[in-house]
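One structure is given below, encoded as structure tokens.
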Amino acid sequence: MKIHENRDLGDVVRKYDYTAKLGRDRWAWEFLRRSVEFRNIARAYSSEDHVSRRPGPFPGVTLLKLRRPQPEAEAWGLAFFPNPDQDALQANVFWSAASYPRDVYVHVVHVAPHVVDEFLMLALQRCQITHLTGFDGNEQFILRGAGCAQQVRAGGVSLLAAEPHKMLLTIEGDECLDAKLDTLKKAHSVYGDHVTGPPRWTRQGRELRDALVSLDCKEAGLSYWEMAEVIHGRGHVDTIRSRGSRALKDAMRRNLQRGETLRDGGFRDLLLSVTRRSLLAA
């Protein structure tokens, strides 16, 4: 996201409200796509020569198929290069199993014709679905709904099979039960209602947002004090400055350092089950 000149810089931060419900994998994309090196490489792969696209069998379903491997994308932890100009809710970001071990997995099994797949029915009612068939034939999909996006890996019977089938939901990874339950809860958030009004930030979510904002502010040529005005508002900044305190300016410097670390490789830690606290500490 680009930050343009605005007389009231405090209005800018509201443009980041869409990040309030992002999972770690979507946050990783937001930082990665701000890498100049990554953007330059990804744009060379953004043509349909590499990925085919067609409507799915139901409204709201899109089918993608990788026509050939993209080793350079795999080096960044991706199945293929998404459009780096699209944000975490828009872009078709499919992380590899090696880079993103903590994800939702469905095992697809054959069932009798009368058996209803509640998972699929709910997804079709509440979500937009983007299904990817990799060059190796492996399948996964992204569910988008209620301001969330969730990557789901699939195995067993093909989701495109004509025979009746059903998805059984599990959580992959070596985490404890509480961590898996938390992941499952976040996965189900895509089925919720889209809530208007001010976003509800977790502490980690706000830290990540501020780091992201600081990166964009630097790219736009803003000073540390202007970064603070974007995040906290002019009134708060004026009050702090009138006291002669540099604490807020120092906090913006740490925000920027955090953002640069996440952009320049630290995004991979967001994909793991445990994020190094040093990446988030103020």
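Residues in the structure tokens are named by chain (A, B, ... in the order shown) and by number from 1 within that chain; ligands are numbered from 1 in the order shown.
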
- Expected answer as a ChimeraX atom specification: strand (DSSP E) residues in region 106-266 of chain A: /A:106-110,128-133,139-145,148-156,165-171

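Nearest-residue note for Arg68 (chain A): choosing from A:Phe81, A:Phe135, A:Trp27, A:Phe119, the minimum distance belongs to A:Phe135, counting only C-alpha atoms.
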
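One distance worth recording is that between CA of Leu248 (chain A) and CA of Leu212 (chain A), which is 16.7 Å.
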
- Message: Give me, as a VMD selection string, all polymer residues having an atom no more than 7 Å from Val108 (chain A), counting only C-alpha atoms and skipping those fewer than 6 positions away in the same chain.
- Response: chain A and resid 154 to 157 165 to 168

- If you run DSSP over the backbone, which residues in region 29-257 of chain A end up alpha helix (DSSP H)? Put them as number ranges by chain. A: 29-32, 36-43, 71-75, 118-126, 177-188, 203-219, 224-232, 234-242, 247-257

Could I get the residues of region 11-75 of chain A with an atom no further than 8 Å from an atom of region 252-273 of chain A, each paired with its nearest atom pair and that distance in Å to one decimal, using only C-alpha atoms, sorted by chain and residue number, as CSV?
```
residue,atom,partner,partner_atom,distance
A:Arg24,CA,A:Leu270,CA,5.4
A:Asp25,CA,A:Leu271,CA,5.4
A:Trp27,CA,A:Leu270,CA,7.5
A:Ala28,CA,A:Phe267,CA,4.7
A:Trp29,CA,A:Phe267,CA,7.5
A:Phe31,CA,A:Arg263,CA,4.6
A:Leu32,CA,A:Arg263,CA,5.1
A:Arg33,CA,A:Arg263,CA,7.9
A:Arg34,CA,A:Arg263,CA,6.6
A:Ser35,CA,A:Arg263,CA,6.0
```
